[in-house]
Amino acid sequence: MMLKLPDYNFTLIIPADTRKDTPEEVEMKLVKGIIASGQLQFPAGCHGMVNIAIYDSKQQLYPANPPETYHGDDMRIPLVGIHELDKPPYKLKMKGWSPGTSYQHTIQLAISVLPAEVVSPYKVIEDFVAILKKMLRLP
């Protein structure tokens with residue numbers, strides 16, 4: 001049996017000469033679970049002048065060292081590490097800017113969200129034991 005996993009693709013179009021203080025944004029609606037992987041695609045022609053950051057609420061999530069951003073040219077950047085989406089709304093925001101550029105740029109982001117029990121199968125057992133202890137009034 002194959003487990004169907006939520007797999008998303010988002011597109012951010014950044015007009016020429018978009019300033020950092022007025023970035024383009026795309027809201028990414030996801031589902032409850034754990035972001036297990038992702039990939040950011042910079043097409044040829046960006047010349048390292050297009051900046052991308054991904055946020056959970058107001059906190060920069062990727063890259064993990066704000067105020068740094070992802071930037072590149074004709075390259076894919078894997079998003080590593082896991083991030084749990086456990087409180088609604090299950091949304092992230094991708095922001096991008098490109099000061100000094102003459103052309104618009106289209107950035108692609110692919111994200112896979114896994115159910116928590118797939119990433120941490122023992123969590124279900126831990127939760128069951130906690131409930132059982134509570135019912136039996138054990139410490």
# chains A, B, ... in the order shown; residues from 1 in each chain; ligands from 1

call {"tool": "residues_around", "arguments": {"residues": "Phe10 of chain A", "least_positions_apart": "4", "cutoff": "8 Å", "atoms": "only C-alpha atoms", "output": "PyMOL selection string"}}
result
chain A and resi 26+28+108-110

call {"tool": "residues_around", "arguments": {"residues": "Tyr90 of chain A", "least_positions_apart": "3", "cutoff": "6 Å", "atoms": "only C-alpha atoms", "output": "JSON, numbers by chain"}}
result
{"A": [30, 31, 85]}

call {"tool": "write_last_selection", "arguments": {"atoms": "N, CA and C atoms", "output": "mmCIF file, in the first residue's frame"}}
result
data_model
loop_
_atom_site.group_PDB
_atom_site.id
_atom_site.type_symbol
_atom_site.label_atom_id
_atom_site.label_comp_id
_atom_site.auth_asym_id
_atom_site.auth_seq_id
_atom_site.Cartn_x
_atom_site.Cartn_y
_atom_site.Cartn_z
ATOM 1 N N LEU A 30 -0.641 24.812 3.941
ATOM 2 C CA LEU A 30 -0.193 23.426 4.054
ATOM 3 C C LEU A 30 -1.167 22.665 4.947
ATOM 4 N N VAL A 31 -0.777 21.479 5.366
ATOM 5 C CA VAL A 31 -1.583 20.676 6.289
ATOM 6 C C VAL A 31 -0.771 20.412 7.548
ATOM 7 N N LEU A 85 4.480 21.541 11.813
ATOM 8 C CA LEU A 85 3.318 22.411 11.665
ATOM 9 C C LEU A 85 2.235 21.808 12.551
#

call {"tool": "closest_residue", "arguments": {"among": "A:Leu61, A:Val129, A:Gly48, A:Pro43", "to": "Lys91 of chain A", "atoms": "only C-alpha atoms"}}
result
A:Leu61

call {"tool": "closest_residue", "arguments": {"among": "A:Thr106, A:Thr69, A:Thr18, A:Thr101", "to": "Ala44 of chain A", "atoms": "only C-alpha atoms"}}
result
A:Thr106

call {"tool": "residues_around", "arguments": {"residues": "segment 92-98 of chain A", "least_positions_apart": "5", "cutoff": "8 Å", "atoms": "only C-alpha atoms", "output": "short mmCIF file (atom, residue, chain, number, x, y, z; two decimals) with N, CA and C atoms, in the first residue's frame"}}
result
data_model
loop_
_atom_site.label_atom_id
_atom_site.label_comp_id
_atom_site.auth_asym_id
_atom_site.auth_seq_id
_atom_site.Cartn_x
_atom_site.Cartn_y
_atom_site.Cartn_z
N LEU A 12 6.75 31.95 -6.87
CA LEU A 12 6.84 33.36 -6.49
C LEU A 12 7.44 34.12 -7.66
N ILE A 14 8.84 37.56 -8.90
CA ILE A 14 9.41 38.79 -8.34
C ILE A 14 9.66 39.76 -9.49
N PRO A 15 8.92 40.89 -9.51
CA PRO A 15 9.14 41.87 -10.57
C PRO A 15 10.56 42.46 -10.51
N ALA A 16 10.99 43.01 -11.63
CA ALA A 16 12.32 43.65 -11.69
C ALA A 16 12.41 44.73 -10.63
N ASP A 17 13.59 44.83 -10.04
CA ASP A 17 13.94 45.88 -9.09
C ASP A 17 12.99 45.95 -7.88
N THR A 18 12.60 44.79 -7.34
CA THR A 18 11.78 44.75 -6.13
C THR A 18 12.67 44.98 -4.92
N ARG A 19 12.29 45.95 -4.11
CA ARG A 19 13.11 46.32 -2.95
C ARG A 19 12.84 45.41 -1.75
N LYS A 20 13.83 45.32 -0.86
CA LYS A 20 13.71 44.49 0.34
C LYS A 20 12.58 44.96 1.24
N THR A 22 9.78 46.19 0.38
CA THR A 22 8.47 45.88 -0.23
C THR A 22 8.56 44.57 -1.01
N PRO A 23 8.85 43.46 -0.31
CA PRO A 23 9.06 42.19 -1.01
C PRO A 23 7.76 41.64 -1.61
N GLU A 24 7.94 40.80 -2.61
CA GLU A 24 6.81 40.01 -3.11
C GLU A 24 6.64 38.85 -2.13
N GLU A 25 5.40 38.39 -1.95
CA GLU A 25 5.13 37.31 -1.01
C GLU A 25 4.14 36.32 -1.61
N VAL A 26 4.26 35.08 -1.16
CA VAL A 26 3.24 34.08 -1.46
C VAL A 26 2.96 33.34 -0.15
N GLU A 27 1.66 33.26 0.17
CA GLU A 27 1.24 32.52 1.35
C GLU A 27 1.08 31.06 0.94
N MET A 28 1.68 30.18 1.70
CA MET A 28 1.68 28.75 1.36
C MET A 28 0.82 27.99 2.37
N LYS A 29 -0.37 27.59 1.94
CA LYS A 29 -1.28 26.85 2.82
C LYS A 29 -0.89 25.38 2.76
N LEU A 30 -0.64 24.81 3.94
CA LEU A 30 -0.19 23.43 4.05
C LEU A 30 -1.17 22.67 4.95
N MET A 49 21.15 37.78 -7.48
CA MET A 49 20.55 39.07 -7.09
C MET A 49 19.12 38.93 -6.56
N VAL A 50 18.56 37.73 -6.63
CA VAL A 50 17.22 37.48 -6.11
C VAL A 50 17.38 36.85 -4.73
N ASN A 51 16.73 37.44 -3.74
CA ASN A 51 16.82 36.98 -2.35
C ASN A 51 15.51 36.36 -1.93
N ILE A 52 15.61 35.19 -1.27
CA ILE A 52 14.41 34.46 -0.82
C ILE A 52 14.59 34.08 0.64
N ALA A 53 13.51 34.24 1.42
CA ALA A 53 13.45 33.77 2.80
C ALA A 53 12.06 33.20 3.03
N ILE A 54 11.97 32.20 3.90
CA ILE A 54 10.70 31.53 4.20
C ILE A 54 10.42 31.71 5.69
N TYR A 55 9.18 32.09 5.97
CA TYR A 55 8.79 32.45 7.33
C TYR A 55 7.64 31.59 7.84
N ASP A 56 7.67 31.31 9.14
CA ASP A 56 6.56 30.73 9.87
C ASP A 56 6.09 31.84 10.80
N SER A 57 4.94 32.41 10.50
CA SER A 57 4.46 33.61 11.18
C SER A 57 5.47 34.72 10.89
#

call {"tool": "select_by_dssp", "arguments": {"residues": "segment 25-101 of chain A", "states": "strand (DSSP E)", "output": "VMD selection string"}}
result
chain A and resid 25 to 29 33 to 42 51 to 56 59 to 62 75 to 79 83 to 85 91 to 97

call {"tool": "write_last_selection", "arguments": {"atoms": "N, CA and C atoms", "output": "compact mmCIF listing (two decimals), in the first residue's frame"}}
result
# COMPACT_ATOMS: atom_id res chain seq x y z
N GLU A 25 5.40 38.39 -1.95
CA GLU A 25 5.13 37.31 -1.01
C GLU A 25 4.14 36.32 -1.61
N VAL A 26 4.26 35.08 -1.16
CA VAL A 26 3.24 34.08 -1.46
C VAL A 26 2.96 33.34 -0.15
N GLU A 27 1.66 33.26 0.17
CA GLU A 27 1.24 32.52 1.35
C GLU A 27 1.08 31.06 0.94
N MET A 28 1.68 30.18 1.70
CA MET A 28 1.68 28.75 1.36
C MET A 28 0.82 27.99 2.37
N LYS A 29 -0.37 27.59 1.94
CA LYS A 29 -1.28 26.85 2.82
C LYS A 29 -0.89 25.38 2.76
N GLY A 33 1.38 18.58 10.10
CA GLY A 33 2.39 17.55 9.89
C GLY A 33 3.77 18.11 10.06
N ILE A 34 4.71 17.46 9.46
CA ILE A 34 6.12 17.84 9.58
C ILE A 34 6.70 18.06 8.19
N ILE A 35 7.28 19.24 8.00
CA ILE A 35 7.98 19.50 6.75
C ILE A 35 9.24 18.65 6.80
N ALA A 36 9.30 17.68 5.93
CA ALA A 36 10.41 16.73 5.94
C ALA A 36 11.44 17.04 4.87
N SER A 37 11.04 17.76 3.83
CA SER A 37 11.99 18.10 2.78
C SER A 37 11.43 19.24 1.95
N GLY A 38 12.32 19.86 1.23
CA GLY A 38 11.93 20.93 0.33
C GLY A 38 13.07 21.24 -0.62
N GLN A 39 12.74 21.96 -1.68
CA GLN A 39 13.75 22.34 -2.66
C GLN A 39 13.36 23.67 -3.29
N LEU A 40 14.31 24.60 -3.27
CA LEU A 40 14.13 25.92 -3.83
C LEU A 40 14.88 25.98 -5.15
N GLN A 41 14.19 26.44 -6.20
CA GLN A 41 14.79 26.47 -7.54
C GLN A 41 15.01 27.91 -8.00
N PHE A 42 16.29 28.27 -8.22
CA PHE A 42 16.65 29.54 -8.82
C PHE A 42 16.97 29.30 -10.29
N ASN A 51 16.73 37.44 -3.74
CA ASN A 51 16.82 36.98 -2.35
C ASN A 51 15.51 36.36 -1.93
N ILE A 52 15.61 35.19 -1.27
CA ILE A 52 14.41 34.46 -0.82
C ILE A 52 14.59 34.08 0.64
N ALA A 53 13.51 34.24 1.42
CA ALA A 53 13.45 33.77 2.80
C ALA A 53 12.06 33.20 3.03
N ILE A 54 11.97 32.20 3.90
CA ILE A 54 10.70 31.53 4.20
C ILE A 54 10.42 31.71 5.69
N TYR A 55 9.18 32.09 5.97
CA TYR A 55 8.79 32.45 7.33
C TYR A 55 7.64 31.59 7.84
N ASP A 56 7.67 31.31 9.14
CA ASP A 56 6.56 30.73 9.87
C ASP A 56 6.09 31.84 10.80
N GLN A 59 8.64 34.71 12.18
CA GLN A 59 9.98 34.16 12.39
C GLN A 59 10.53 33.57 11.09
N GLN A 60 11.76 33.96 10.74
CA GLN A 60 12.39 33.37 9.56
C GLN A 60 12.75 31.93 9.86
N LEU A 61 12.27 31.04 9.00
CA LEU A 61 12.49 29.60 9.17
C LEU A 61 13.65 29.11 8.31
N TYR A 62 13.66 29.51 7.05
CA TYR A 62 14.72 29.13 6.11
C TYR A 62 15.24 30.38 5.42
N MET A 75 20.34 27.08 -10.00
CA MET A 75 20.67 26.08 -8.98
C MET A 75 19.45 25.72 -8.16
N ARG A 76 19.54 24.54 -7.55
CA ARG A 76 18.52 24.07 -6.62
C ARG A 76 19.13 24.02 -5.24
N ILE A 77 18.38 24.49 -4.27
CA ILE A 77 18.85 24.48 -2.88
C ILE A 77 17.91 23.58 -2.08
N PRO A 78 18.44 22.50 -1.51
CA PRO A 78 17.58 21.63 -0.69
C PRO A 78 17.32 22.28 0.67
N LEU A 79 16.11 22.14 1.15
CA LEU A 79 15.78 22.59 2.51
C LEU A 79 15.90 21.38 3.40
N HIS A 83 10.52 20.67 10.35
CA HIS A 83 9.78 21.73 11.05
C HIS A 83 8.35 21.25 11.22
N GLU A 84 7.88 21.23 12.46
CA GLU A 84 6.54 20.73 12.73
C GLU A 84 5.51 21.84 12.57
N LEU A 85 4.48 21.54 11.81
CA LEU A 85 3.32 22.41 11.66
C LEU A 85 2.23 21.81 12.55
N LYS A 91 0.42 27.47 7.78
CA LYS A 91 0.86 28.29 6.65
C LYS A 91 2.29 28.75 6.85
N LEU A 92 2.98 28.88 5.75
CA LEU A 92 4.28 29.54 5.71
C LEU A 92 4.18 30.67 4.70
N LYS A 93 5.15 31.55 4.70
CA LYS A 93 5.17 32.64 3.74
C LYS A 93 6.55 32.69 3.11
N MET A 94 6.59 32.74 1.78
CA MET A 94 7.85 32.91 1.07
C MET A 94 7.90 34.36 0.60
N LYS A 95 9.02 35.03 0.92
CA LYS A 95 9.21 36.42 0.54
C LYS A 95 10.44 36.52 -0.34
N GLY A 96 10.36 37.41 -1.33
CA GLY A 96 11.50 37.58 -2.23
C GLY A 96 11.62 39.01 -2.71
N TRP A 97 12.86 39.40 -2.99
CA TRP A 97 13.15 40.73 -3.51
C TRP A 97 14.38 40.66 -4.40

call {"tool": "closest_residue", "arguments": {"among": "A:His105, A:Lys134, A:Lys58, A:Lys87", "to": "Lys32 of chain A", "atoms": "only C-alpha atoms"}}
result
A:Lys87

call {"tool": "atom_distance", "arguments": {"atom1": "atom CA of Ser112 of chain A", "atom2": "atom CA of Pro89 of chain A"}}
result
17.0 Å

call {"tool": "closest_residue", "arguments": {"among": "A:Ile125, A:Ala130, A:Val113, A:Val80", "to": "Tyr8 of chain A", "atoms": "only C-alpha atoms"}}
result
A:Val113

call {"tool": "select_by_dssp", "arguments": {"residues": "segment 21-128 of chain A", "states": "alpha helix (DSSP H)", "output": "ChimeraX atom specification"}}
result
/A:116-119,122-128

call {"tool": "write_last_selection", "arguments": {"atoms": "N, CA and C atoms", "output": "mmCIF file, in the first residue's frame"}}
result
data_model
loop_
_atom_site.group_PDB
_atom_site.id
_atom_site.type_symbol
_atom_site.label_atom_id
_atom_site.label_comp_id
_atom_site.auth_asym_id
_atom_site.auth_seq_id
_atom_site.Cartn_x
_atom_site.Cartn_y
_atom_site.Cartn_z
ATOM 1 N N ALA A 116 3.021 13.338 11.388
ATOM 2 C CA ALA A 116 3.980 13.212 12.488
ATOM 3 C C ALA A 116 4.294 11.752 12.808
ATOM 4 N N GLU A 117 3.274 10.879 12.705
ATOM 5 C CA GLU A 117 3.519 9.472 13.062
ATOM 6 C C GLU A 117 4.429 8.761 12.062
ATOM 7 N N VAL A 118 4.560 9.278 10.865
ATOM 8 C CA VAL A 118 5.480 8.691 9.894
ATOM 9 C C VAL A 118 6.916 9.077 10.236
ATOM 10 N N VAL A 119 7.099 10.342 10.637
ATOM 11 C CA VAL A 119 8.437 10.829 10.984
ATOM 12 C C VAL A 119 8.856 10.293 12.344
ATOM 13 N N TYR A 122 7.158 6.391 17.137
ATOM 14 C CA TYR A 122 7.070 6.082 18.554
ATOM 15 C C TYR A 122 6.237 7.105 19.313
ATOM 16 N N LYS A 123 5.939 8.229 18.709
ATOM 17 C CA LYS A 123 5.107 9.257 19.333
ATOM 18 C C LYS A 123 3.722 8.700 19.636
ATOM 19 N N VAL A 124 3.175 7.898 18.749
ATOM 20 C CA VAL A 124 1.853 7.296 18.966
ATOM 21 C C VAL A 124 1.887 6.410 20.206
ATOM 22 N N ILE A 125 2.940 5.623 20.346
ATOM 23 C CA ILE A 125 3.079 4.738 21.517
ATOM 24 C C ILE A 125 3.241 5.572 22.786
ATOM 25 N N GLU A 126 4.057 6.622 22.725
ATOM 26 C CA GLU A 126 4.254 7.497 23.889
ATOM 27 C C GLU A 126 2.934 8.128 24.317
ATOM 28 N N ASP A 127 2.144 8.583 23.359
ATOM 29 C CA ASP A 127 0.850 9.187 23.671
ATOM 30 C C ASP A 127 -0.094 8.167 24.300
ATOM 31 N N PHE A 128 -0.094 6.934 23.770
ATOM 32 C CA PHE A 128 -0.933 5.880 24.315
ATOM 33 C C PHE A 128 -0.542 5.570 25.762
#
